[in-house]
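Structure file model09.cif with mmCIF, C-alpha atoms:
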```
data_model
#
loop_
_atom_site.label_atom_id
_atom_site.label_comp_id
_atom_site.auth_asym_id
_atom_site.auth_seq_id
_atom_site.Cartn_x
_atom_site.Cartn_y
_atom_site.Cartn_z
CA MET P 28 23.15 6.42 -1.55
CA SER P 29 19.67 7.45 -0.39
CA SER P 30 18.39 10.93 -1.07
CA GLU P 31 18.17 11.47 2.69
CA THR P 32 21.89 10.76 3.01
CA GLN P 33 22.61 13.00 0.02
CA ASP P 34 20.61 15.79 1.64
CA LEU P 35 22.52 15.36 4.90
CA ASN P 36 25.86 15.38 3.09
CA TRP P 37 24.93 18.54 1.23
CA LEU P 38 23.73 20.21 4.44
CA ALA P 39 26.97 19.23 6.18
CA PHE P 40 29.03 20.62 3.32
CA ARG P 41 27.16 23.94 3.39
CA TYR P 42 27.56 24.05 7.18
CA VAL P 43 31.32 23.51 6.98
CA ALA P 44 31.58 26.01 4.14
CA GLY P 45 29.71 28.62 6.20
CA GLU P 46 26.95 28.76 3.61
CA LEU P 47 23.96 28.21 5.89
CA SER P 48 21.79 31.04 7.14
CA ALA P 49 21.96 31.73 10.88
CA GLU P 50 18.66 29.94 11.36
CA GLU P 51 19.70 26.91 9.30
CA GLU P 52 23.00 26.76 11.15
CA GLN P 53 21.30 26.80 14.52
CA ARG P 54 18.94 24.02 13.46
CA PHE P 55 21.79 21.93 12.12
CA GLU P 56 23.77 22.39 15.35
CA GLU P 57 20.76 21.22 17.33
CA ARG P 58 20.82 18.13 15.16
CA LEU P 59 24.57 17.69 15.66
CA ALA P 60 24.04 17.54 19.40
CA LEU P 61 21.87 14.45 18.95
CA ASP P 62 22.67 12.77 15.66
CA GLN P 63 25.91 10.86 15.18
CA SER P 64 25.29 10.46 11.44
CA ALA P 65 25.16 14.26 11.14
CA ARG P 66 28.44 14.54 13.05
CA GLU P 67 30.04 12.00 10.73
CA ALA P 68 28.67 13.88 7.72
CA VAL P 69 30.49 17.00 8.95
CA GLU P 70 33.68 15.01 9.36
CA GLU P 71 33.36 13.62 5.83
CA ALA P 72 32.67 17.08 4.42
CA VAL P 73 35.89 18.38 5.93
CA LYS P 74 37.74 15.33 4.61
CA LEU P 75 36.41 15.94 1.11
CA ILE P 76 37.18 19.66 1.18
CA ASP P 77 40.72 18.98 2.41
CA ALA P 78 41.31 16.39 -0.30
CA LEU P 79 39.91 18.74 -2.93
CA HIS P 80 42.19 21.51 -1.75
CA VAL P 81 45.30 19.41 -1.96
CA ALA P 82 44.37 17.54 -5.13
CA ALA P 83 43.22 20.58 -7.05
CA ALA P 84 46.50 22.42 -6.54
CA ASP P 85 48.19 20.69 -9.48
CA LEU P 86 45.30 20.55 -11.87
CA PRO P 87 45.72 22.57 -15.06
CA GLY P 88 43.44 25.59 -15.05
CA ILE P 89 43.20 25.42 -11.28
CA ALA P 90 46.83 25.89 -10.44
CA ALA P 91 46.89 28.90 -12.76
CA SER P 92 44.27 30.68 -10.72
CA VAL P 93 45.53 29.77 -7.30
CA PRO P 94 45.51 32.74 -4.92
CA ALA P 95 48.91 34.06 -3.89
CA SER P 96 48.69 32.49 -0.46
CA ALA P 97 47.97 28.98 -1.70
CA PRO P 98 51.18 27.73 -3.38
CA ARG P 99 53.23 28.35 -0.28
CA ILE P 100 54.68 24.88 -0.40
CA ARG P 101 55.87 25.35 -3.96
CA ARG P 102 57.53 28.66 -3.08
CA ILE P 103 59.20 27.04 -0.12
CA ALA P 104 60.37 24.15 -2.30
CA LEU P 105 61.83 26.66 -4.77
CA ALA P 106 63.65 28.45 -1.93
CA GLY P 107 64.89 25.07 -0.76
CA SER P 108 66.16 24.26 -4.26
CA VAL P 109 68.00 27.58 -4.47
CA ALA P 110 69.55 27.02 -1.04
CA THR P 111 70.61 23.52 -2.07
CA ALA P 112 72.12 24.85 -5.30
CA VAL P 113 74.10 27.44 -3.32
CA LEU P 114 75.27 24.70 -0.96
CA ILE P 115 76.36 22.44 -3.81
CA GLY P 116 78.08 25.39 -5.52
CA GLY P 117 79.93 26.16 -2.30
CA LEU P 118 81.06 22.57 -1.92
CA VAL P 119 82.19 22.39 -5.55
CA TRP P 120 84.10 25.63 -5.11
CA LEU P 121 85.65 24.30 -1.93
CA ALA P 122 86.68 21.05 -3.59
CA TRP P 123 88.14 22.99 -6.49
CA THR P 124 90.04 25.32 -4.14
CA GLN P 125 91.31 22.40 -2.12
CA GLY P 126 92.42 20.63 -5.30
CA MET P 127 94.27 23.74 -6.52
CA LEU P 128 96.06 24.27 -3.22
CA SER P 129 97.05 20.64 -2.84
CA ARG P 130 98.65 20.45 -6.28
CA SER P 131 102.08 21.52 -5.05
CA PRO P 132 103.96 22.20 -8.29
CA SER P 133 101.34 24.50 -9.72
CA ASN P 134 99.90 26.07 -6.59
CA VAL P 135 103.10 27.61 -5.31
CA PRO P 136 103.14 30.53 -7.72
CA ILE P 137 99.43 31.15 -7.12
CA ALA P 138 99.86 31.09 -3.35
CA GLU P 139 102.86 33.35 -3.62
CA THR P 140 100.97 35.73 -5.86
CA HIS P 141 98.08 35.83 -3.39
CA SER P 142 100.53 36.41 -0.58
CA GLU P 143 102.21 39.21 -2.49
CA ASN P 144 98.88 40.78 -3.32
CA ARG P 145 97.86 40.70 0.33
CA SER P 146 101.16 42.29 1.30
CA GLN P 147 100.63 44.98 -1.28
CA ARG P 148 97.12 45.64 0.08
CA GLY P 149 98.48 45.81 3.63
CA GLU P 150 96.63 42.73 4.80
CA ASN P 151 97.84 40.37 7.46
CA SER P 152 100.15 38.31 5.28
CA ALA P 153 101.89 36.77 8.25
CA GLY P 154 98.74 35.23 9.75
CA ILE P 155 96.92 34.04 6.65
CA ASP P 156 98.90 31.54 4.61
CA GLY P 157 97.39 29.10 2.13
CA ASP P 158 96.48 26.46 4.70
CA HIS P 159 95.04 29.02 7.06
CA LEU P 160 92.99 30.52 4.27
CA LEU P 161 91.73 27.06 3.43
CA ALA P 162 90.89 26.44 7.07
CA LEU P 163 89.02 29.72 7.32
CA THR P 164 87.17 29.00 4.11
CA TRP P 165 86.31 25.53 5.33
CA ALA P 166 85.02 26.91 8.62
CA LYS P 167 82.95 29.45 6.78
CA VAL P 168 81.51 26.93 4.38
CA HIS P 169 81.19 24.32 7.09
CA ASN P 170 78.99 26.62 9.13
CA THR P 171 76.81 27.42 6.19
CA PRO P 172 75.44 23.98 5.31
CA ALA P 173 73.61 23.62 8.60
CA ASP P 174 71.77 26.85 7.95
CA LEU P 175 71.23 26.02 4.33
CA GLU P 176 70.09 22.56 5.17
CA ALA P 177 67.67 23.96 7.70
CA ALA P 178 66.46 26.49 5.14
CA SER P 179 66.07 23.85 2.46
CA GLU P 180 63.73 21.77 4.57
CA LEU P 181 60.09 22.43 4.00
CA PRO P 182 58.89 24.62 6.85
CA ASP P 183 55.60 22.83 6.72
CA ASP P 184 57.35 19.72 8.02
CA SER P 185 58.55 21.64 11.03
CA LEU P 186 55.09 23.04 11.53
CA TRP P 187 53.60 19.58 11.36
CA SER P 188 56.18 18.27 13.77
CA GLU P 189 54.59 20.54 16.34
CA ASP P 190 51.22 19.12 15.53
CA PRO P 191 50.12 17.02 18.50
CA PHE P 192 48.27 14.76 16.07
CA ASP P 193 51.24 14.10 13.86
CA MET P 194 52.40 10.66 14.87
CA THR P 195 55.71 11.13 13.07
CA SER P 196 56.63 14.16 15.17
CA GLU P 197 59.40 14.33 17.73
CA THR P 198 56.78 14.37 20.44
CA ALA P 199 55.23 11.27 18.99
CA THR P 200 58.51 9.36 19.20
CA GLU P 201 58.45 9.94 22.93
CA GLU P 202 54.95 8.65 23.17
CA SER P 203 54.05 5.19 24.21
CA HIS P 204 51.50 3.38 22.08
CA GLY P 205 50.95 6.53 19.96
CA VAL P 206 49.42 8.46 22.83
CA PRO P 207 50.93 11.85 23.64
CA GLU P 208 52.99 12.19 26.78
CA TRP P 209 50.55 14.68 28.29
CA LEU P 210 47.76 12.17 28.00
CA MET P 211 49.75 9.39 29.65
CA THR P 212 50.73 11.80 32.43
CA ALA P 213 47.11 12.73 32.91
CA VAL P 214 46.18 9.05 33.25
CA SER P 215 48.88 8.33 35.79
CA ASN P 216 48.15 11.52 37.78
CA ARG P 217 44.51 10.62 37.86
CA SER P 218 45.31 7.12 39.15
CA MET P 219 47.63 8.49 41.86
CA ASN P 220 45.04 11.05 42.98
CA ARG P 221 42.43 8.37 43.30
CA LYS P 222 44.72 6.12 45.32
CA ARG P 223 45.58 9.04 47.58
CA ASN P 224 41.89 9.85 48.11
CA LYS P 225 41.00 6.28 49.08
CA MET M 22 24.74 2.50 35.04
CA LEU M 23 26.68 2.91 31.86
CA SER M 24 26.25 6.23 30.24
CA ASP M 25 27.30 7.88 27.01
CA SER M 26 26.48 11.32 28.29
CA PRO M 27 29.30 13.85 28.08
CA SER M 28 28.57 14.78 31.67
CA ALA M 29 29.13 11.25 32.91
CA VAL M 30 30.14 11.08 36.53
CA GLU M 31 33.81 10.66 37.24
CA GLY M 32 34.77 7.05 37.28
CA VAL M 33 37.80 4.84 37.19
CA PRO M 34 40.22 6.35 34.74
CA VAL M 35 40.48 4.55 31.46
CA ASP M 36 43.59 2.40 31.24
CA SER M 37 46.43 3.54 29.02
CA ASP M 38 46.06 0.72 26.49
CA ARG M 39 42.45 1.48 25.91
CA LEU M 40 43.17 5.19 25.74
CA SER M 41 45.91 4.53 23.20
CA LYS M 42 43.48 2.67 21.00
CA LEU M 43 40.91 5.43 21.28
CA PHE M 44 43.45 8.06 20.46
CA VAL M 45 44.83 6.26 17.42
CA GLU M 46 41.41 5.29 16.14
CA TYR M 47 39.51 8.53 16.57
CA ARG M 48 41.85 11.48 16.78
CA GLU M 49 41.93 12.31 13.04
CA GLY M 50 38.20 11.95 12.58
CA LEU M 51 37.50 14.03 15.68
CA LEU M 52 39.88 16.69 14.49
CA ARG M 53 38.11 16.91 11.13
CA PHE M 54 34.72 17.03 12.81
CA VAL M 55 35.77 19.81 15.18
CA VAL M 56 37.35 21.77 12.32
CA GLY M 57 33.96 21.60 10.64
CA VAL M 58 32.28 23.11 13.69
CA VAL M 59 34.77 25.74 14.86
CA ARG M 60 36.29 26.44 11.40
CA ASP M 61 39.68 27.04 12.92
CA ARG M 62 42.31 24.31 12.74
CA GLU M 63 44.46 25.50 15.62
CA ALA M 64 41.47 25.84 17.91
CA ALA M 65 40.26 22.42 16.79
CA LYS M 66 43.48 20.84 18.02
CA ASP M 67 42.95 22.36 21.46
CA VAL M 68 39.36 21.20 21.51
CA VAL M 69 40.32 17.61 20.62
CA GLN M 70 42.97 17.69 23.33
CA ASP M 71 40.22 18.66 25.78
CA VAL M 72 38.10 15.78 24.52
CA PHE M 73 40.83 13.26 25.30
CA ALA M 74 41.43 14.87 28.67
CA LYS M 75 37.74 14.24 29.36
CA ALA M 76 38.16 10.68 28.12
CA VAL M 77 40.85 10.16 30.77
CA GLU M 78 38.28 11.10 33.40
CA SER M 79 35.14 9.44 32.13
CA ALA M 80 35.68 7.04 29.27
CA SER M 81 35.68 4.03 31.56
CA GLU M 82 32.05 4.81 32.36
CA VAL M 83 31.08 4.63 28.73
CA ASN M 84 29.78 1.55 27.00
CA PRO M 85 32.56 0.57 24.56
CA GLN M 86 29.99 0.21 21.78
CA ALA M 87 28.90 3.80 22.32
CA MET M 88 32.43 5.14 22.61
CA LYS M 89 32.66 6.74 19.18
CA SER M 90 29.33 8.47 19.61
CA TRP M 91 30.36 9.59 23.11
CA LEU M 92 33.65 11.07 21.91
CA TYR M 93 31.96 12.92 19.05
CA ARG M 94 29.28 14.21 21.37
CA VAL M 95 31.85 15.49 23.87
CA ALA M 96 33.76 17.01 20.95
CA PHE M 97 30.62 18.74 19.74
CA HIS M 98 29.89 20.22 23.16
CA GLU M 99 33.47 21.39 23.56
CA ALA M 100 33.49 22.83 20.04
CA ILE M 101 30.22 24.68 20.51
CA SER M 102 31.43 26.09 23.85
CA TYR M 103 34.55 27.35 22.10
CA LYS M 104 32.50 28.79 19.25
CA ARG M 105 30.16 30.62 21.64
CA ARG M 106 33.13 32.06 23.57
CA VAL M 107 34.65 33.35 20.34
CA GLN M 108 31.30 34.83 19.26
CA ILE M 109 30.96 36.62 22.62
CA ASP M 110 34.54 37.90 22.35
CA GLN M 111 33.93 39.14 18.84
CA SER M 112 30.65 40.82 19.73
CA SER M 113 32.39 42.76 22.50
CA LYS M 114 35.03 44.04 20.08
CA PRO M 115 34.65 46.40 17.11
CA HIS M 116 33.14 44.42 14.27
CA VAL M 117 35.53 43.23 11.61
CA ALA M 118 33.87 41.39 8.76
CA LYS M 119 35.32 37.91 8.31
CA PRO M 120 34.28 35.14 5.99
CA ALA M 121 32.30 32.54 7.89
CA HIS M 122 34.67 29.83 6.76
CA GLU M 123 37.90 31.65 7.59
CA GLY M 124 40.46 29.31 9.03
CA SER M 125 38.78 26.22 7.70
CA GLU M 126 40.12 26.49 4.20
CA LYS M 127 43.74 25.65 4.70
CA PRO M 128 43.89 21.90 4.84
CA ASP M 129 46.16 20.02 7.12
CA GLU M 130 47.83 17.96 4.41
CA SER M 131 49.13 15.46 6.92
CA LEU M 132 45.51 14.37 7.36
CA VAL M 133 44.96 13.77 3.67
CA ARG M 134 46.25 10.45 2.42
CA ASN M 135 48.25 10.42 -0.79
CA GLU M 136 46.05 7.82 -2.39
CA VAL M 137 42.98 9.93 -1.65
CA ILE M 138 44.63 12.94 -3.26
CA GLU M 139 45.38 10.94 -6.40
CA GLU M 140 41.84 9.60 -6.57
CA VAL M 141 40.34 13.04 -6.08
CA ARG M 142 42.59 14.42 -8.80
CA GLU M 143 41.46 11.77 -11.25
CA VAL M 144 37.79 12.28 -10.48
CA LEU M 145 38.09 16.06 -10.65
CA GLN M 146 39.54 15.90 -14.13
CA LYS M 147 36.63 13.81 -15.33
CA LEU M 148 33.95 16.16 -14.00
CA PRO M 149 32.02 18.29 -16.50
CA LEU M 150 33.78 21.62 -16.96
CA ASN M 151 31.00 23.68 -15.40
CA GLN M 152 31.22 21.56 -12.24
CA GLN M 153 35.02 21.79 -12.20
CA HIS M 154 34.72 25.55 -12.52
CA VAL M 155 32.37 25.86 -9.54
CA VAL M 156 34.56 23.55 -7.43
CA ARG M 157 37.58 25.65 -8.29
CA LEU M 158 35.89 28.94 -7.44
CA ARG M 159 34.33 27.64 -4.22
CA ILE M 160 37.07 25.46 -2.80
CA TYR M 161 40.16 27.02 -4.21
CA GLU M 162 39.31 30.68 -4.57
CA GLN M 163 37.07 30.57 -1.51
CA LYS M 164 34.26 32.46 -3.16
CA THR M 165 30.75 32.17 -1.80
CA PHE M 166 28.10 30.60 -3.98
CA ALA M 167 26.47 34.02 -4.31
CA GLN M 168 29.74 35.49 -5.58
CA ILE M 169 30.19 32.60 -8.01
CA ALA M 170 26.68 33.11 -9.34
CA GLU M 171 27.38 36.79 -9.85
CA GLU M 172 30.74 36.18 -11.47
CA THR M 173 29.55 33.47 -13.84
CA GLY M 174 26.19 35.06 -14.55
CA SER M 175 24.47 31.80 -13.60
CA PRO M 176 21.45 31.56 -11.29
CA LEU M 177 22.41 30.69 -7.70
CA GLY M 178 20.41 27.47 -7.93
CA THR M 179 22.46 26.34 -10.93
CA VAL M 180 25.73 27.01 -9.12
CA LEU M 181 24.52 25.06 -6.10
CA THR M 182 23.43 22.18 -8.32
CA HIS M 183 26.84 22.03 -10.02
CA MET M 184 28.59 21.94 -6.66
CA ARG M 185 26.24 19.36 -5.21
CA ARG M 186 26.58 17.07 -8.23
CA ALA M 187 30.36 17.42 -8.18
CA LEU M 188 30.45 16.44 -4.51
CA GLU M 189 28.12 13.50 -5.04
CA THR M 190 30.26 12.23 -7.91
CA LEU M 191 33.37 12.59 -5.78
CA ARG M 192 31.79 10.73 -2.89
CA GLN M 193 30.65 7.88 -5.12
CA LYS M 194 33.96 7.51 -6.89
CA LEU M 195 35.96 7.81 -3.70
CA HIS M 196 33.74 5.31 -1.91
CA LEU M 197 33.48 7.54 1.09
CA LYS M 198 31.69 5.90 3.96
CA ARG M 199 28.66 8.15 3.71
#
```

When written as structure tokens, how does the structure in this file appear?
Amino acid sequence: MSSETQDLNWLAFRYVAGELSAEEEQRFEERLALDQSAREAVEEAVKLIDALHVAAADLPGIAASVPASAPRIRRIALAGSVATAVLIGGLVWLAWTQGMLSRSPSNVPIAETHSENRSQRGENSAGIDGDHLLALTWAKVHNTPADLEAASELPDDSLWSEDPFDMTSETATEESHGVPEWLMTAVSNRSMNRKRNK
Amino acid sequence: MLSDSPSAVEGVPVDSDRLSKLFVEYREGLLRFVVGVVRDREAAKDVVQDVFAKAVESASEVNPQAMKSWLYRVAFHEAISYKRRVQIDQSSKPHVAKPAHEGSEKPDESLVRNEVIEEVREVLQKLPLNQQHVVRLRIYEQKTFAQIAEETGSPLGTVLTHMRRALETLRQKLHLKR
């Protein structure tokens, strides 16, 4: 790598990092207007900074001093893990409850006891029998997984799915040849306008 | 006459196949370049969208060999226009001090390849500790070189040298194009 290239790379890095004086910045922008190698140096500087950001997150000694805003993904992953644990716990509890209720010889006394207890507490014993209780519980738990599942997904994925440059996004699946729909529409509108003007 | 000027006259719109190729080939690089200029990732996305809207209008007038340069030049002009508008807006409002690089520091991880991350991690760990320290303070804690110099008690020139050497090592090991 020539020293001229090294100088340009360093200048581009300082430009991207906002470390140039106003005068230096103006001069570099004048160069950017004319010099493709300078523009590519800026692109590479951003690429390097981005890679450093992501890579440095897990390095010992660096992770320890990460600002509070940086490990957002890890916090989200932790929240996701907790939500998943709650979901699994709920399903285990449901399976256990279902198993208890379906074991007819042993569940009768329990169901009767519950029914008696409800009667004693003045609850609606007529409307809520064992099966109904199970159905209600199922409905309650059944509604929860969708929310939990949504909560357990990394929000960053959903953010990226809105990114017009993310080719894996929902928008991208509607695209033809990897080009966003808006761009294809613009091309076809432009063609139609031209035909109309002829 | 073929032109690579961003103000090329309106011509036959570029066909969708060619546009697709341009989009797939250049969008990420353009986005990074514009982020470097405007230092705001959300704004950069809008700017790049404008660039491709311009490509719909004028790219067919551009010599295919000059296409990359043309796109980057259009991107630069769009980015600078955006930057000037923001500066005018800010100068008309009460001044709130902001770091010059605000908005540029949160990487879009979808644009960083996993293999690059691994390579960077390996190289980082092999850097001399003083260089690692400066990289950490500058990139991760977003401190200015002046602040790093003050904090570490090192001359500013030494801090800059550590950072520059770290970046050069990273570039060489990562075989970046430049």

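Between chain M and the candidates P:Gln63, P:Leu38, P:Val119, P:Val113, the tightest atom-to-atom separation, counting only C-alpha atoms, involves P:Gln63.
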
Taking the file as I've supplied it (selection: the PyMOL selection byres ((chain P and resi 56) around 10)), which residues are included? Please answer as a PyMOL selection string.
(chain P and resi 42+50-55+57-62+65-66) or (chain M and resi 58+97+101)

When you draw a straight line from atom CA of M:Phe44 to atom CA of P:Gly45, how long is it in Å?
28.5 Å

Between M:Arg39, M:Arg94, M:Lys164, M:Arg157, smallest distance to M:Ser81 by only C-alpha atoms belongs to M:Arg39

At what distance in Å, to one decimal, does atom CA of P:Leu35 lie from atom CA of M:Ser90?
17.6 Å

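The coordinates place atom CA of M:Arg185 at 6.6 Å from atom CA of P:Trp37.
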
Suppose a student applies the PyMOL selection byres ((chain M and resi 103) around 10) to this structure; what residues should they get, written as an MDAnalysis selection string?
chainID M and resid 58:59 64:65 67:68 97:102 104:109

Taking the file above as input, evaluate the PyMOL selection byres ((chain M and resi 141) around 9) and report the hits as a PyMOL selection string.
(chain P and resi 75+78-79+82-83) or (chain M and resi 136-140+142-146+191+194-195)

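Using all atoms listed in the file, the smallest distance between any of M:Ile160, M:Ala170, M:Ala96, M:Ala76 and chain P comes from M:Ile160.
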
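Each of P:Leu121, P:Glu70, P:Glu46, P:Glu31 was compared to chain M using all atoms listed in the file, and P:Glu70 turns out to be the nearest.
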
Of the residues M:Val45, M:Leu92, M:Val83, M:Ala187, which is the one nearest to chain P, using only C-alpha atoms?
M:Val45

Which residues are near P:Ala72? Cut-off 10 Å, only C-alpha atoms, ignore same chain within fewer than 6 positions. Put them as number ranges by chain.
P: 36-44, 66, 78; M: 53-54, 57, 188, 192, 199

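Residue nearest chain P, chosen from M:Val180, M:Ser113, M:Asn135, M:Gln86 and counting only C-alpha atoms: M:Asn135.
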
Cut-off 12 Å around (42.2, 10.7, 15.9) with only C-alpha atoms: residues as an NGL selection string:
(:P and (70 or 191-194 or 205-207)) or (:M and (40-55 or 65-66 or 69-70 or 72-73 or 89 or 92-93 or 96 or 132))
